[in-house]
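Shown below: my_file_3.txt, with compact mmCIF, C-alpha atoms.
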```txt
# COMPACT_ATOMS: atom_id res chain seq x y z
CA MET U 27 100.97 92.45 74.88
CA ARG U 28 100.22 93.01 78.53
CA PHE U 29 100.85 96.02 80.73
CA SER U 30 102.70 95.82 83.99
CA LEU U 31 102.42 98.47 86.71
CA LEU U 32 105.75 98.63 88.49
CA GLY U 33 106.61 101.22 91.13
CA VAL U 34 109.95 102.72 90.18
CA THR U 35 111.26 105.86 91.85
CA ASN U 36 113.57 106.77 88.97
CA PRO U 37 112.14 105.60 85.64
CA GLY U 38 115.21 106.61 83.62
CA LEU U 39 117.66 104.68 85.83
CA LEU U 40 117.17 101.38 84.04
CA ALA U 41 118.01 102.83 80.63
CA ASN U 42 120.86 104.91 82.05
CA HIS U 43 122.34 101.93 83.86
CA PHE U 44 122.58 99.85 80.71
CA GLY U 45 123.88 102.74 78.60
CA THR U 46 120.90 103.06 76.31
CA ASN U 47 119.16 106.25 75.32
CA VAL U 48 116.28 107.26 77.55
CA ALA U 49 113.11 107.68 75.50
CA VAL U 50 110.69 110.44 76.38
CA MET U 51 107.84 108.88 78.32
CA SER U 52 104.23 109.97 78.33
CA THR U 53 102.96 111.21 81.68
CA ILE U 54 99.53 110.86 83.22
CA THR U 55 98.34 111.90 86.65
CA LEU U 56 96.77 109.43 89.01
CA SER U 57 93.49 111.36 88.91
CA GLU U 58 93.49 111.33 85.07
CA LEU U 59 94.16 107.62 85.16
CA LYS U 60 91.13 107.11 87.39
CA LYS U 61 88.83 109.32 85.27
CA LYS U 62 89.87 108.35 81.75
CA PRO U 63 88.61 105.07 80.30
CA ALA U 64 91.37 102.48 79.89
CA LYS U 65 90.98 102.34 76.11
CA GLN U 66 91.74 106.05 75.82
CA TRP U 67 94.94 106.09 77.83
CA LEU U 68 96.15 102.83 76.33
CA LYS U 69 95.72 104.41 72.88
CA SER U 70 97.44 107.62 73.94
CA ALA U 71 100.36 105.64 75.31
CA SER U 72 100.73 103.73 72.01
CA ASN U 73 104.14 102.10 72.36
CA ASP U 74 105.49 104.51 74.98
CA ASP U 75 105.77 103.80 78.65
CA LEU U 76 103.51 105.86 80.89
CA VAL U 77 104.86 107.66 83.95
CA ILE U 78 102.11 107.96 86.53
CA THR U 79 102.35 110.98 88.81
CA ALA U 80 100.70 111.98 92.08
CA LYS U 81 100.98 115.56 93.33
CA GLY U 82 103.50 116.27 90.57
CA GLN U 83 105.89 113.48 91.57
CA PRO U 84 106.44 110.24 89.62
CA VAL U 85 105.09 107.26 91.57
CA ALA U 86 104.96 104.44 89.03
CA VAL U 87 105.68 103.43 85.47
CA LEU U 88 103.22 101.57 83.29
CA LEU U 89 105.09 99.67 80.60
CA ARG U 90 104.34 97.19 77.88
CA ILE U 91 105.80 93.74 78.33
CA ALA U 92 105.37 90.42 76.61
CA ALA U 93 103.38 87.88 78.60
CA ALA U 94 106.35 85.52 78.59
CA SER U 95 108.65 88.11 80.20
CA VAL U 96 106.69 89.01 83.34
CA ASP U 97 109.04 87.20 85.73
CA SER U 98 112.21 88.49 84.11
CA THR U 99 110.83 92.04 84.01
CA ARG U 100 109.97 91.92 87.71
CA ALA U 101 113.44 90.54 88.49
CA LEU U 102 115.02 93.35 86.49
CA VAL U 103 112.97 95.98 88.34
CA ARG U 104 114.06 94.46 91.68
CA SER U 105 117.67 94.72 90.50
CA VAL U 106 117.19 98.36 89.58
CA ARG U 107 115.68 99.07 93.00
CA ALA U 108 118.65 97.39 94.67
CA LEU U 109 121.02 99.56 92.60
CA GLN U 110 119.06 102.65 93.65
CA ALA U 111 119.29 101.66 97.32
CA GLN U 112 123.02 100.97 97.02
CA THR U 113 123.62 104.33 95.34
CA SER U 114 121.62 106.10 98.04
CA LEU U 115 123.64 104.41 100.80
CA GLN U 116 126.92 105.26 99.08
CA GLN U 117 125.91 108.90 98.71
CA ALA U 118 124.86 109.07 102.37
CA ALA U 119 128.18 107.53 103.45
CA ALA U 120 130.10 110.03 101.33
CA GLY U 121 128.01 112.84 102.80
CA ASN U 122 128.50 111.92 106.44
CA GLY U 123 132.15 110.94 106.13
CA THR U 124 131.79 107.21 106.76
CA ALA U 125 132.68 106.13 103.20
CA GLY U 126 136.37 105.83 104.12
CA LEU U 127 135.95 103.59 107.16
CA SER U 128 138.02 100.41 107.18
CA MET U 129 136.49 97.03 108.06
CA SER U 130 138.25 97.26 111.42
CA ASP U 131 136.60 100.65 112.09
CA ILE U 132 133.22 99.26 111.09
CA ASP U 133 133.64 96.21 113.37
CA THR U 134 134.59 98.52 116.26
CA GLU U 135 131.49 100.67 115.68
CA ILE U 136 129.24 97.59 115.55
CA ALA U 137 130.71 96.18 118.78
CA ALA U 138 130.28 99.53 120.56
CA SER U 139 126.68 99.78 119.38
CA ARG U 140 125.90 96.24 120.57
CA ARG U 141 127.45 96.94 123.99
CA SER U 142 125.37 100.10 124.24
CA ARG U 143 122.16 98.20 123.46
CA ARG U 144 122.85 95.55 126.10
CA ARG U 145 123.11 98.24 128.80
CA LYS U 146 119.62 99.58 128.09
```

Full structure transcribed into structure tokens:
Amino acid sequence: MRFSLLGVTNPGLLANHFGTNVAVMSTITLSELKKKPAKQWLKSASNDDLVITAKGQPVAVLLRIAAASVDSTRALVRSVRALQAQTSLQQAAAGNGTAGLSMSDIDTEIAASRRSRRRK
């Protein structure tokens, strides 16, 4: 088995998205990770994924993967990040009232913005 360090802003999203149960993950701080020998924290992680934190906030997930699945794992993480970005945009649109705009309204806004840029 190999480990892959993948920056994920919401480690539970992948499991939640596919409807599986979210397992409790071990957590280690970035400073602990730097100080502790690799053998120790690899043992402590056993088969769990490790959430790496900095200043109390999760910054990355260290997870076990099979050597043959590196490319597919990276592709899956990119998909999760795209889903996170889409969700964030949808929430922002709902928050600022633009979620209900029609395509015609959007085209009008784009045209007005482009005209405004040309004048500058």

**OP:** Place a sphere of radius 10 Å on (94.8, 111.9, 90.7) in the file coordinates and name every protein, DNA or RNA residue with an atom inside or on its surface, counting all atoms listed in the file; give the answer as JSON, numbers by chain.
**Re:** {"U": [54, 55, 56, 57, 58, 59, 60, 61, 78, 79, 80, 81, 82]}

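A straight line drawn from CA of Val103 (chain U) to CA of Asp74 (chain U) is 17.5 Å long.
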
Original post:
If you count only C-alpha atoms, which residues fall within 10 Å of Thr53 (chain U), apart from same-chain ones fewer than 4 positions away, as a list in words?
Top reply: Ala71, Asp74, Asp75, Leu76, Val77, Ile78, Thr79, Pro84, Val87 and Leu88 of chain U

Emit the selected residues as a PDB file, in the coordinates of the input, including C-alpha atoms.
```
ATOM      1  CA  ALA U  71     100.360 105.640  75.310  1.00  0.00           C
ATOM      2  CA  ASP U  74     105.490 104.510  74.980  1.00  0.00           C
ATOM      3  CA  ASP U  75     105.770 103.800  78.650  1.00  0.00           C
ATOM      4  CA  LEU U  76     103.510 105.860  80.890  1.00  0.00           C
ATOM      5  CA  VAL U  77     104.860 107.660  83.950  1.00  0.00           C
ATOM      6  CA  ILE U  78     102.110 107.960  86.530  1.00  0.00           C
ATOM      7  CA  THR U  79     102.350 110.980  88.810  1.00  0.00           C
ATOM      8  CA  PRO U  84     106.440 110.240  89.620  1.00  0.00           C
ATOM      9  CA  VAL U  87     105.680 103.430  85.470  1.00  0.00           C
ATOM     10  CA  LEU U  88     103.220 101.570  83.290  1.00  0.00           C
TER      11      LEU U  88
END
```

**OP:** Please indicate the distance in Å from CA of Met129 (chain U) to CA of Ala108 (chain U), rounded to one decimal place.
**Re:**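 Going from CA of Met129 (chain U) over to CA of Ala108 (chain U) covers 22.3 Å.
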
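From CA of Ile91 (chain U) back to CA of Ser105 (chain U), the distance works out to 17.0 Å.
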